[in-house]
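Shown below: structure_4.cif, with mmCIF, C-alpha atoms.
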```
data_target
loop_
_atom_site.label_atom_id
_atom_site.label_comp_id
_atom_site.auth_asym_id
_atom_site.auth_seq_id
_atom_site.Cartn_x
_atom_site.Cartn_y
_atom_site.Cartn_z
CA MET A 889 -12.34 -4.14 -9.26
CA ASP A 890 -14.07 -3.70 -12.52
CA PRO A 891 -17.09 -5.91 -13.23
CA CYS A 892 -15.18 -7.24 -16.25
CA GLU A 893 -12.46 -8.50 -13.94
CA VAL A 894 -14.96 -10.30 -11.76
CA GLU A 895 -16.35 -11.82 -14.90
CA PHE A 896 -12.87 -12.89 -15.88
CA LEU A 897 -12.53 -14.75 -12.59
CA SER A 898 -15.84 -16.46 -13.11
CA GLU A 899 -14.66 -17.85 -16.43
CA LYS A 900 -12.60 -20.39 -14.52
CA GLU A 901 -15.77 -22.20 -13.45
CA LEU A 902 -16.44 -25.46 -15.23
CA VAL A 903 -19.27 -26.19 -17.59
CA SER A 904 -20.14 -29.30 -19.61
CA ILE A 905 -20.03 -29.19 -23.35
CA VAL A 906 -20.60 -31.68 -26.13
CA PRO A 907 -17.88 -31.15 -28.71
CA ASN A 908 -18.40 -32.04 -32.35
CA PHE A 909 -14.74 -32.77 -32.99
CA SER A 910 -12.12 -35.07 -31.53
CA PHE A 911 -8.93 -33.83 -29.98
CA ASP A 912 -6.33 -34.91 -27.42
CA THR A 913 -6.04 -33.54 -23.94
CA ILE A 914 -4.88 -29.93 -23.82
CA HIS A 915 -2.39 -29.26 -21.03
CA LEU A 916 -2.77 -25.82 -19.53
CA ILE A 917 -1.21 -24.16 -16.50
CA SER A 918 -4.48 -24.29 -14.60
CA GLY A 919 -4.98 -27.97 -15.40
CA SER A 920 -5.61 -30.33 -18.28
CA VAL A 921 -8.73 -30.17 -20.37
CA GLY A 922 -10.15 -32.95 -22.44
CA PRO A 923 -9.67 -35.31 -24.20
CA PHE A 924 -12.44 -34.29 -26.56
CA ARG A 925 -14.47 -37.00 -28.24
CA ALA A 926 -17.16 -35.94 -30.66
CA GLY A 927 -20.58 -36.39 -29.08
CA LEU A 928 -19.32 -37.16 -25.56
CA PRO A 929 -19.84 -34.53 -22.86
CA VAL A 930 -16.71 -33.13 -21.25
CA LYS A 931 -16.11 -30.50 -18.54
CA VAL A 932 -14.21 -27.42 -19.60
CA PRO A 933 -13.73 -23.91 -18.18
CA ILE A 934 -16.30 -21.39 -19.31
CA TRP A 935 -13.82 -19.30 -21.29
CA LEU A 936 -13.03 -22.32 -23.45
CA ALA A 937 -16.66 -23.25 -23.80
CA VAL A 938 -17.53 -19.75 -24.96
CA ASN A 939 -14.69 -19.76 -27.42
CA LEU A 940 -15.58 -23.15 -28.89
CA LYS A 941 -19.22 -22.20 -29.05
CA GLN A 942 -18.40 -19.07 -30.98
CA GLN A 943 -16.55 -21.23 -33.48
CA GLN A 944 -19.59 -23.53 -33.68
CA LYS A 945 -17.52 -26.45 -32.41
CA CYS A 946 -19.59 -27.50 -29.46
CA ARG A 947 -22.95 -27.46 -27.78
CA ILE A 948 -23.08 -26.14 -24.23
CA ILE A 949 -24.94 -28.25 -21.72
CA ASN A 950 -26.80 -26.22 -19.18
CA GLN A 951 -25.34 -25.88 -15.70
CA ASP A 952 -27.27 -28.11 -13.31
CA TRP A 953 -28.61 -25.18 -11.34
CA MET A 954 -29.62 -23.20 -14.37
CA ASP A 955 -33.16 -24.37 -14.50
CA ALA A 956 -36.14 -22.06 -14.44
CA ASP A 957 -38.18 -23.96 -11.84
CA SER A 958 -35.44 -24.40 -9.27
CA LEU A 959 -34.38 -20.80 -9.77
CA ASN A 960 -37.92 -19.65 -9.13
CA GLU A 961 -37.94 -21.71 -5.97
CA ALA A 962 -34.68 -20.08 -4.94
CA LYS A 963 -36.28 -16.75 -5.64
CA GLU A 964 -39.20 -17.44 -3.33
CA GLU A 965 -36.82 -18.62 -0.64
CA GLU A 966 -34.75 -15.48 -1.06
CA LYS A 967 -37.86 -13.36 -0.69
CA LEU A 968 -38.93 -15.05 2.52
CA SER A 969 -35.55 -15.21 4.17
CA LYS A 970 -34.20 -12.24 6.06
CA LEU A 971 -30.64 -13.29 5.42
CA PHE A 972 -28.95 -14.10 2.17
CA THR A 973 -29.58 -17.65 1.02
CA LYS A 974 -26.94 -19.85 -0.47
CA MET A 975 -26.56 -19.42 -4.20
CA PRO A 976 -25.79 -22.41 -6.42
CA SER A 977 -22.58 -20.79 -7.61
CA ASN A 978 -20.30 -18.07 -6.33
CA HIS A 979 -20.52 -16.49 -9.76
CA TYR A 980 -24.15 -17.15 -10.65
CA MET A 981 -24.74 -13.76 -12.22
CA GLU A 982 -21.63 -13.78 -14.39
CA GLU A 983 -22.10 -17.39 -15.48
CA ALA A 984 -25.69 -16.76 -16.43
CA GLN A 985 -24.72 -13.63 -18.29
CA LEU A 986 -21.95 -15.37 -20.23
CA LEU A 987 -23.69 -18.61 -21.05
CA LEU A 988 -27.05 -17.10 -21.88
CA ASN A 989 -25.43 -14.60 -24.17
CA VAL A 990 -23.50 -17.04 -26.31
CA ALA A 991 -25.58 -20.17 -26.01
CA SER A 992 -29.17 -19.11 -25.76
CA ASP A 993 -29.97 -21.59 -28.53
CA ASP A 994 -28.57 -24.53 -26.52
CA ILE A 995 -30.35 -23.68 -23.31
CA SER A 996 -34.03 -24.33 -23.21
CA ASP A 997 -36.12 -21.78 -21.38
CA ALA A 998 -33.38 -19.18 -21.64
CA ASP A 999 -35.80 -16.30 -21.24
CA ARG A 1000 -37.38 -17.63 -18.07
CA ILE A 1001 -33.96 -18.38 -16.60
CA LYS A 1002 -32.82 -14.89 -17.41
CA THR A 1003 -35.86 -13.35 -15.76
CA ALA A 1004 -35.52 -15.52 -12.67
CA ILE A 1005 -31.85 -14.68 -12.25
CA LYS A 1006 -32.50 -11.01 -12.74
CA ASP A 1007 -35.21 -11.15 -10.07
CA ILE A 1008 -32.94 -12.93 -7.63
CA TRP A 1009 -30.21 -10.38 -8.31
CA ASP A 1010 -32.59 -7.48 -7.69
CA ILE A 1011 -33.90 -8.93 -4.44
CA ARG A 1012 -30.41 -9.59 -3.17
CA MET A 1013 -29.13 -6.17 -4.16
CA SER A 1014 -31.93 -4.37 -2.33
CA LYS A 1015 -31.31 -6.62 0.68
CA LEU A 1016 -27.65 -5.72 0.52
CA ARG A 1017 -28.45 -2.02 0.45
CA THR A 1018 -30.72 -2.12 3.47
CA SER A 1019 -28.30 -4.29 5.41
CA ILE A 1020 -25.39 -1.95 4.72
CA ASP A 1021 -27.41 0.94 6.01
CA ALA A 1022 -28.48 -0.99 9.10
CA PHE A 1023 -24.88 -2.04 9.66
CA LEU A 1024 -23.56 1.51 9.61
CA LYS A 1025 -26.29 2.81 11.88
CA SER A 1026 -25.99 -0.05 14.36
CA GLU A 1027 -22.37 0.82 15.18
CA GLY A 1028 -21.48 -2.79 14.53
CA LEU A 1029 -17.82 -3.57 14.25
CA HIS A 1030 -18.06 -6.41 11.84
CA ALA A 1031 -20.62 -7.87 9.50
CA LYS A 1032 -21.06 -11.42 8.41
CA LEU A 1033 -21.46 -11.73 4.68
CA ASP A 1034 -22.40 -15.34 4.28
CA HIS A 1035 -23.40 -16.48 0.84
CA LEU A 1036 -22.75 -13.20 -0.88
CA THR A 1037 -21.36 -13.77 -4.33
CA ALA A 1038 -18.35 -12.13 -5.91
CA MET A 1039 -20.24 -9.70 -8.11
CA GLU A 1040 -22.49 -8.58 -5.28
CA ILE A 1041 -19.56 -7.88 -3.00
CA ASN A 1042 -17.90 -6.01 -5.82
CA SER A 1043 -20.97 -3.86 -6.34
CA VAL A 1044 -20.54 -2.11 -2.97
CA ARG A 1045 -16.90 -1.40 -3.64
CA PRO A 1046 -15.34 1.10 -3.36
CA LEU A 1047 -18.19 2.97 -1.68
CA LEU A 1048 -18.52 0.92 1.50
CA PRO A 1049 -14.84 0.38 2.36
CA HIS A 1050 -14.13 4.04 1.70
CA ALA A 1051 -17.02 5.11 3.88
CA LEU A 1052 -15.82 2.86 6.68
CA ASP A 1053 -12.32 4.26 6.36
CA GLN A 1054 -13.64 7.78 6.61
CA MET A 1055 -15.64 6.85 9.68
CA LEU A 1056 -12.49 5.52 11.28
CA ARG A 1057 -10.75 8.74 10.36
CA ILE A 1058 -13.45 10.83 11.97
CA GLN A 1059 -13.27 8.70 15.09
CA THR A 1060 -9.53 8.54 15.51
CA GLY A 1061 -8.56 11.96 14.21
CA GLY A 1062 -6.93 10.76 11.04
CA ARG A 1063 -3.85 9.34 12.66
CA ALA A 1064 -4.42 5.62 12.67
CA THR A 1065 -5.12 5.21 8.98
CA GLN A 1066 -1.89 6.75 7.82
CA SER A 1067 0.26 3.66 7.63
CA HIS A 1068 -2.33 1.74 5.67
CA TYR A 1069 -2.93 4.10 2.85
CA SER A 1070 0.34 5.43 1.68
CA GLY A 1071 -0.12 5.40 -2.04
CA THR A 1072 -2.55 2.56 -2.58
CA SER A 1073 -5.84 2.90 -4.32
CA GLN A 1074 -8.94 0.79 -3.77
CA MET B 894 -8.79 7.31 -6.19
CA ALA B 895 -9.76 10.75 -5.00
CA CYS B 896 -10.81 9.55 -1.57
CA CYS B 897 -7.45 8.10 -0.76
CA GLN B 898 -5.59 11.36 -1.08
CA SER B 899 -7.51 12.94 1.73
CA TYR B 900 -6.77 10.04 4.02
CA ILE B 901 -3.45 11.57 4.92
CA PRO B 902 -3.62 15.22 5.82
CA ASP B 903 -0.05 15.79 4.74
CA TYR B 904 1.69 18.94 3.66
CA PHE B 905 0.60 18.68 0.04
CA ALA B 906 -2.96 17.35 0.46
CA ILE B 907 -5.05 19.87 -1.43
CA THR B 908 -8.20 19.15 0.57
CA ASP B 909 -6.29 19.82 3.72
CA ILE B 910 -4.85 23.08 2.42
CA LEU B 911 -8.25 24.31 1.30
CA SER B 912 -10.01 23.32 4.49
CA THR B 913 -7.48 25.08 6.72
CA GLU B 914 -8.01 28.32 4.79
CA GLU B 915 -11.21 28.84 6.73
CA ARG B 916 -11.13 31.91 8.92
CA ILE B 917 -11.69 31.41 12.60
CA SER B 918 -12.50 34.10 15.09
CA CYS B 919 -9.73 34.39 17.69
CA LYS B 920 -9.17 36.48 20.78
CA ILE B 921 -5.71 37.87 21.38
CA GLU B 922 -4.28 36.82 24.77
CA VAL B 923 -0.87 38.49 24.63
CA GLU B 924 -0.10 42.02 23.56
CA LEU B 925 1.41 41.93 20.07
CA PRO B 926 3.40 45.03 19.24
CA GLY B 927 3.38 46.23 15.66
CA LEU B 928 0.64 43.89 14.46
CA GLY B 929 -2.22 46.39 14.67
CA PHE B 930 -2.80 46.16 10.92
CA LEU B 931 -4.33 42.72 11.39
CA ASP B 932 -7.35 44.32 12.97
CA SER B 933 -8.64 46.77 10.37
CA SER B 934 -11.02 48.50 12.76
CA SER B 935 -8.39 49.61 15.25
CA GLN B 936 -6.20 52.66 14.89
CA SER B 937 -3.38 51.67 17.19
CA GLU B 938 -0.15 50.15 16.05
CA ASP B 939 -0.23 47.25 18.48
CA LEU B 940 -2.71 44.44 18.95
CA THR B 941 -3.98 44.69 22.49
CA VAL B 942 -5.17 41.87 24.71
CA GLY B 943 -8.80 41.00 24.15
CA THR B 944 -9.02 42.14 20.53
CA LYS B 945 -10.96 39.85 18.25
CA VAL B 946 -9.41 39.03 14.89
CA GLU B 947 -10.20 36.51 12.20
CA LEU B 948 -7.24 34.29 11.46
CA PRO B 949 -7.05 31.38 9.03
CA LEU B 950 -7.06 28.03 10.75
CA TRP B 951 -3.53 27.15 9.72
CA LEU B 952 -2.30 30.20 11.60
CA ALA B 953 -4.65 30.00 14.55
CA GLU B 954 -3.82 26.39 15.34
CA PRO B 955 -0.08 26.80 16.04
CA LEU B 956 -0.66 30.11 17.82
CA LYS B 957 -3.10 28.41 20.12
CA SER B 958 -0.94 25.40 20.80
CA LEU B 959 2.12 27.41 21.84
CA GLN B 960 3.16 26.87 25.41
CA ASN B 961 1.57 30.12 26.52
CA SER B 962 -1.10 30.59 23.88
CA VAL B 963 -1.07 33.81 21.95
CA VAL B 964 -4.71 33.52 21.03
CA SER B 965 -7.79 31.75 22.28
CA VAL B 966 -9.98 30.28 19.58
CA ASP B 967 -13.69 30.42 19.22
CA VAL B 968 -15.18 27.28 17.68
CA PRO B 969 -17.10 28.19 14.49
CA LYS B 970 -20.81 28.29 15.00
CA ILE B 971 -21.53 25.38 12.68
CA TYR B 972 -19.89 23.09 15.22
CA LYS B 973 -21.66 24.62 18.19
CA GLU B 974 -24.58 23.25 20.06
CA GLY B 975 -27.31 24.98 18.11
CA TYR B 976 -26.13 23.66 14.79
CA ARG B 977 -25.33 20.26 16.26
CA GLU B 978 -28.96 20.04 17.34
CA ILE B 979 -30.12 20.79 13.80
CA LEU B 980 -27.99 17.92 12.55
CA GLU B 981 -29.26 15.66 15.25
CA ALA B 982 -32.84 16.40 14.31
CA ASP B 983 -32.46 15.58 10.62
CA ALA B 984 -29.05 15.58 8.98
CA GLU B 985 -30.31 14.38 5.62
CA VAL B 986 -32.26 17.44 4.59
CA ILE B 987 -29.46 19.89 5.18
CA VAL B 988 -27.34 21.12 2.30
CA LEU B 989 -24.16 20.59 4.23
CA SER B 990 -21.88 22.03 1.59
CA LYS B 991 -23.51 25.41 2.16
CA TRP B 992 -22.44 25.36 5.78
CA ASN B 993 -18.93 24.59 4.74
CA PRO B 994 -17.67 22.70 1.69
CA PHE B 995 -15.18 20.93 3.94
CA TYR B 996 -17.51 20.32 6.82
CA TYR B 997 -15.90 17.10 8.03
CA GLU B 998 -12.31 18.07 7.38
CA LEU B 999 -12.72 21.37 9.15
CA GLY B 1000 -14.57 19.72 11.99
CA MET B 1001 -11.70 17.31 12.50
CA HIS B 1002 -9.34 20.27 12.84
CA VAL B 1003 -11.60 22.42 14.93
CA ARG B 1004 -12.29 19.76 17.53
CA LYS B 1005 -8.60 19.72 18.42
CA LEU B 1006 -8.82 23.38 19.38
CA SER B 1007 -11.26 22.89 22.19
CA ASP B 1008 -10.49 20.27 24.78
CA ARG B 1009 -13.95 20.46 26.24
CA ASP B 1010 -15.84 19.72 23.07
CA TYR B 1011 -13.51 17.19 21.44
CA GLU B 1012 -15.71 14.20 22.22
CA ILE B 1013 -18.97 15.95 21.46
CA ILE B 1014 -17.84 17.28 18.09
CA SER B 1015 -16.38 13.90 17.12
CA GLU B 1016 -19.60 12.20 18.04
CA SER B 1017 -21.63 14.76 16.13
CA LEU B 1018 -19.48 14.42 13.01
CA LEU B 1019 -19.71 10.65 13.12
CA GLN B 1020 -23.45 10.59 13.62
CA THR B 1021 -23.94 13.11 10.85
CA PHE B 1022 -21.83 11.04 8.49
CA LYS B 1023 -23.67 7.86 9.38
CA SER B 1024 -27.13 9.29 8.93
CA ARG B 1025 -26.22 10.97 5.66
CA PHE B 1026 -24.50 7.93 4.24
CA GLN B 1027 -27.72 6.35 3.11
CA LEU B 1028 -28.48 9.49 1.14
CA VAL B 1029 -25.06 9.37 -0.49
CA MET B 1030 -25.42 5.69 -1.25
CA ASP B 1031 -28.89 6.05 -2.72
CA TRP B 1032 -27.81 8.91 -4.95
CA SER B 1033 -24.78 7.06 -6.18
CA GLN B 1034 -26.86 4.00 -6.97
CA ASN B 1035 -29.02 6.02 -9.31
CA ALA B 1036 -26.39 6.60 -11.91
CA THR B 1037 -28.49 8.92 -14.02
CA SER B 1038 -29.35 11.33 -11.25
CA ASP B 1039 -28.79 14.97 -12.05
CA PRO B 1040 -25.32 16.52 -11.93
CA THR B 1041 -26.24 19.22 -9.42
CA LEU B 1042 -26.53 16.62 -6.70
CA SER B 1043 -22.84 16.40 -6.05
CA ILE B 1044 -22.64 20.14 -5.42
CA GLN B 1045 -24.93 19.72 -2.44
CA LEU B 1046 -22.50 17.41 -0.70
CA PRO B 1047 -19.44 18.43 1.25
CA ARG B 1048 -16.13 17.34 -0.18
CA LEU B 1049 -15.69 14.09 1.68
CA GLU B 1050 -19.17 12.86 0.83
CA ARG B 1051 -18.81 14.05 -2.74
CA ASP B 1052 -15.71 11.94 -3.26
CA LEU B 1053 -17.54 8.92 -1.91
CA PHE B 1054 -20.53 9.73 -4.07
CA LEU B 1055 -18.50 10.06 -7.25
CA SER B 1056 -16.54 6.86 -6.70
CA GLY B 1057 -19.73 5.00 -5.90
CA GLN B 1058 -21.43 6.42 -8.95
CA GLN B 1059 -18.58 5.38 -11.19
CA ALA B 1060 -18.67 1.83 -9.89
CA LYS B 1061 -22.40 1.74 -10.45
CA ILE B 1062 -22.07 2.99 -14.02
CA ARG B 1063 -19.54 0.31 -14.79
CA LEU B 1064 -21.74 -2.36 -13.30
CA VAL B 1065 -24.72 -1.21 -15.31
CA GLU B 1066 -22.61 -1.16 -18.45
CA TRP B 1067 -21.45 -4.68 -17.79
CA LEU B 1068 -25.00 -5.86 -17.21
CA LYS B 1069 -26.08 -4.30 -20.48
CA MET B 1070 -23.28 -5.38 -22.74
CA GLY B 1071 -22.01 -8.55 -21.17
CA THR B 1072 -18.49 -9.29 -22.26
CA ASN B 1073 -16.32 -6.44 -23.36
CA GLU B 1074 -12.65 -5.98 -23.65
CA LEU B 1075 -10.46 -6.29 -20.58
CA VAL B 1076 -8.17 -3.35 -19.97
CA VAL B 1077 -4.78 -3.59 -18.38
CA SER B 1078 -5.00 -3.01 -14.66
CA GLU B 1079 -3.46 0.16 -13.28
CA ILE B 1080 -1.26 -1.86 -11.01
CA THR B 1081 0.48 -3.71 -13.81
CA THR B 1082 1.15 -0.59 -15.86
CA ASN B 1083 2.81 0.98 -12.86
CA LEU B 1084 4.85 -2.11 -12.20
CA LYS B 1085 8.52 -1.31 -12.12
CA LYS B 1086 9.63 -4.88 -12.55
CA ARG B 1087 12.05 -5.69 -15.33
CA LYS B 1088 10.26 -7.12 -18.28
CA ARG B 1089 11.62 -10.17 -19.99
CA GLU B 1090 11.85 -8.61 -23.45
CA GLN B 1091 13.93 -5.71 -22.17
CA TYR B 1092 16.17 -8.20 -20.51
CA GLU B 1093 16.72 -10.24 -23.64
CA PHE B 1094 17.59 -7.34 -25.89
CA ASP B 1095 20.38 -6.14 -23.63
#
```

Would you mind writing the file's structure down as structure tokens?
Amino acid sequence: MDPCEVEFLSEKELVSIVPNFSFDTIHLISGSVGPFRAGLPVKVPIWLAVNLKQQQKCRIINQDWMDADSLNEAKEEEKLSKLFTKMPSNHYMEEAQLLLNVASDDISDADRIKTAIKDIWDIRMSKLRTSIDAFLKSEGLHAKLDHLTAMEINSVRPLLPHALDQMLRIQTGGRATQSHYSGTSQ
Amino acid sequence: MACCQSYIPDYFAITDILSTEERISCKIEVELPGLGFLDSSSQSEDLTVGTKVELPLWLAEPLKSLQNSVVSVDVPKIYKEGYREILEADAEVIVLSKWNPFYYELGMHVRKLSDRDYEIISESLLQTFKSRFQLVMDWSQNATSDPTLSIQLPRLERDLFLSGQQAKIRLVEWLKMGTNELVVSEITTNLKKRKREQYEFD
């Protein structure tokens, strides 16, 4: 999957906004949004929030977890823990990227939040790398990937699944994988 | 993706064709009249028992697996004990593509030729792949690394390396630019389903 596609998925997450216009409920396939009352916070999907923000029709309220101090705490915890810790959102990186890009004027401390999230991302990515290597060398048959987020999982694709497939091929003589891979990619 | 094609060693798989081109030293077990020209050093018209000739793998394999084998095959030296020990010692420092650009593919064919060494060669290939994977992964994570790197890898690792590198480049691009335009997925463009507009115009 392309990172853009993962980002697309993350746009379904909800975020609070304060609209500066009034409008009835919008009925969409994925659910109804609104009604919008000027000055009253309402929860909308990120894609709508970004769109409204670009038209200067709302103010985005920060996600609860997007707060420099608690993120720094999470960072320390991530550093100390050997395993992956639970992230506040399955799409933390994409949400941060999207919201901080369009609404850096609405979010106080945007720079510190950005730095903290980048640090967390880096720590987790290096952890992921070492654990993949340990996993391959340990001859383990399965790995538990608790608390990994969508973008992080996507970052090891297609390298890791392909490598595992090739290992199976080397082990079994290339016969067992045939039925699986007739004509599919990724 | 390039990797997927080599999953199935079928008749048209180019990797498979290229890897079975490799010449293997064989010993003739049955007298072959009229085939003396295969051995350029001999003067006689026939191939006598015990002559050593180099045959491509695609020819040697069926000749060997006949009910009474015409030839006996010598496993190439890069899969023999001496070379296996080199790999065991430190697989990462070796430029494996210099040994053979299709090291793994060839190994998977060669191991079938010798019943005795099947397990050992398989194990050696697997261990080599495992210990070199970190190298491949690290290289592919450094998207800007120099282009000569991929030449040092045998085909199978190179495909992995290139696909990993591409994914990394896309991720880095996304991190830099944030939102950019979504492109239509390959799957939907290949979709053979009737589209509504075609249906309505009929």

Problem set entry | Nearby residues (all atoms listed in the file) at most 7 Å from segment 918-921 of chain B, same-chain spacing under 4 positions excluded, as a VMD selection string | chain B and resid 942 to 948 963 to 967

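Applied to the file shown here, the PyMOL selection byres ((chain B and resi 1035) around 12) selects the residues B:Leu1028, B:Val1029, B:Met1030, B:Asp1031, B:Trp1032, B:Ser1033, B:Gln1034, B:Ala1036, B:Thr1037, B:Ser1038, B:Asp1039, B:Pro1040, B:Leu1042, B:Phe1054, B:Leu1055, B:Gly1057, B:Gln1058, B:Gln1059, B:Ala1060, B:Lys1061, B:Ile1062, B:Leu1064, B:Val1065.
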
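Reported to one decimal place, the separation of atom CA of Ser935 of chain B from atom CA of Arg916 of chain B is 19.0 Å.
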
Do you know which residues the PyMOL selection byres ((chain B and resi 1010-1026) around 10) returns on this file, as a compact mmCIF listing (two decimals) with C-alpha atoms, in the frame of the given file?
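Once written, selection.txt looks like this:
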```txt
# COMPACT_ATOMS: atom_id res chain seq x y z
CA ILE A 1020 -25.39 -1.95 4.72
CA ASP A 1021 -27.41 0.94 6.01
CA PHE A 1023 -24.88 -2.04 9.66
CA LEU A 1024 -23.56 1.51 9.61
CA LYS A 1025 -26.29 2.81 11.88
CA SER A 1026 -25.99 -0.05 14.36
CA GLU A 1027 -22.37 0.82 15.18
CA LEU A 1047 -18.19 2.97 -1.68
CA LEU A 1048 -18.52 0.92 1.50
CA ALA A 1051 -17.02 5.11 3.88
CA LEU A 1052 -15.82 2.86 6.68
CA GLN A 1054 -13.64 7.78 6.61
CA MET A 1055 -15.64 6.85 9.68
CA LEU A 1056 -12.49 5.52 11.28
CA ARG A 1057 -10.75 8.74 10.36
CA ILE A 1058 -13.45 10.83 11.97
CA GLN A 1059 -13.27 8.70 15.09
CA THR A 1060 -9.53 8.54 15.51
CA GLY A 1061 -8.56 11.96 14.21
CA VAL B 968 -15.18 27.28 17.68
CA TYR B 972 -19.89 23.09 15.22
CA LYS B 973 -21.66 24.62 18.19
CA GLU B 974 -24.58 23.25 20.06
CA ARG B 977 -25.33 20.26 16.26
CA GLU B 978 -28.96 20.04 17.34
CA LEU B 980 -27.99 17.92 12.55
CA GLU B 981 -29.26 15.66 15.25
CA ASP B 983 -32.46 15.58 10.62
CA ALA B 984 -29.05 15.58 8.98
CA GLU B 985 -30.31 14.38 5.62
CA VAL B 986 -32.26 17.44 4.59
CA ILE B 987 -29.46 19.89 5.18
CA LEU B 989 -24.16 20.59 4.23
CA TYR B 996 -17.51 20.32 6.82
CA TYR B 997 -15.90 17.10 8.03
CA GLU B 998 -12.31 18.07 7.38
CA GLY B 1000 -14.57 19.72 11.99
CA MET B 1001 -11.70 17.31 12.50
CA VAL B 1003 -11.60 22.42 14.93
CA ARG B 1004 -12.29 19.76 17.53
CA LYS B 1005 -8.60 19.72 18.42
CA LEU B 1006 -8.82 23.38 19.38
CA SER B 1007 -11.26 22.89 22.19
CA ASP B 1008 -10.49 20.27 24.78
CA ARG B 1009 -13.95 20.46 26.24
CA GLN B 1027 -27.72 6.35 3.11
CA LEU B 1028 -28.48 9.49 1.14
CA VAL B 1029 -25.06 9.37 -0.49
CA MET B 1030 -25.42 5.69 -1.25
CA ASP B 1031 -28.89 6.05 -2.72
CA TRP B 1032 -27.81 8.91 -4.95
CA LEU B 1046 -22.50 17.41 -0.70
CA LEU B 1049 -15.69 14.09 1.68
CA GLU B 1050 -19.17 12.86 0.83
CA LEU B 1053 -17.54 8.92 -1.91
CA PHE B 1054 -20.53 9.73 -4.07
```

For this session: Any chance you could resolve the PyMOL selection byres ((chain A and resi 995) around 12) against this file and give the residues as number ranges by chain?
Result: A: 905, 947-952, 954-956, 984, 987-994, 996-1002
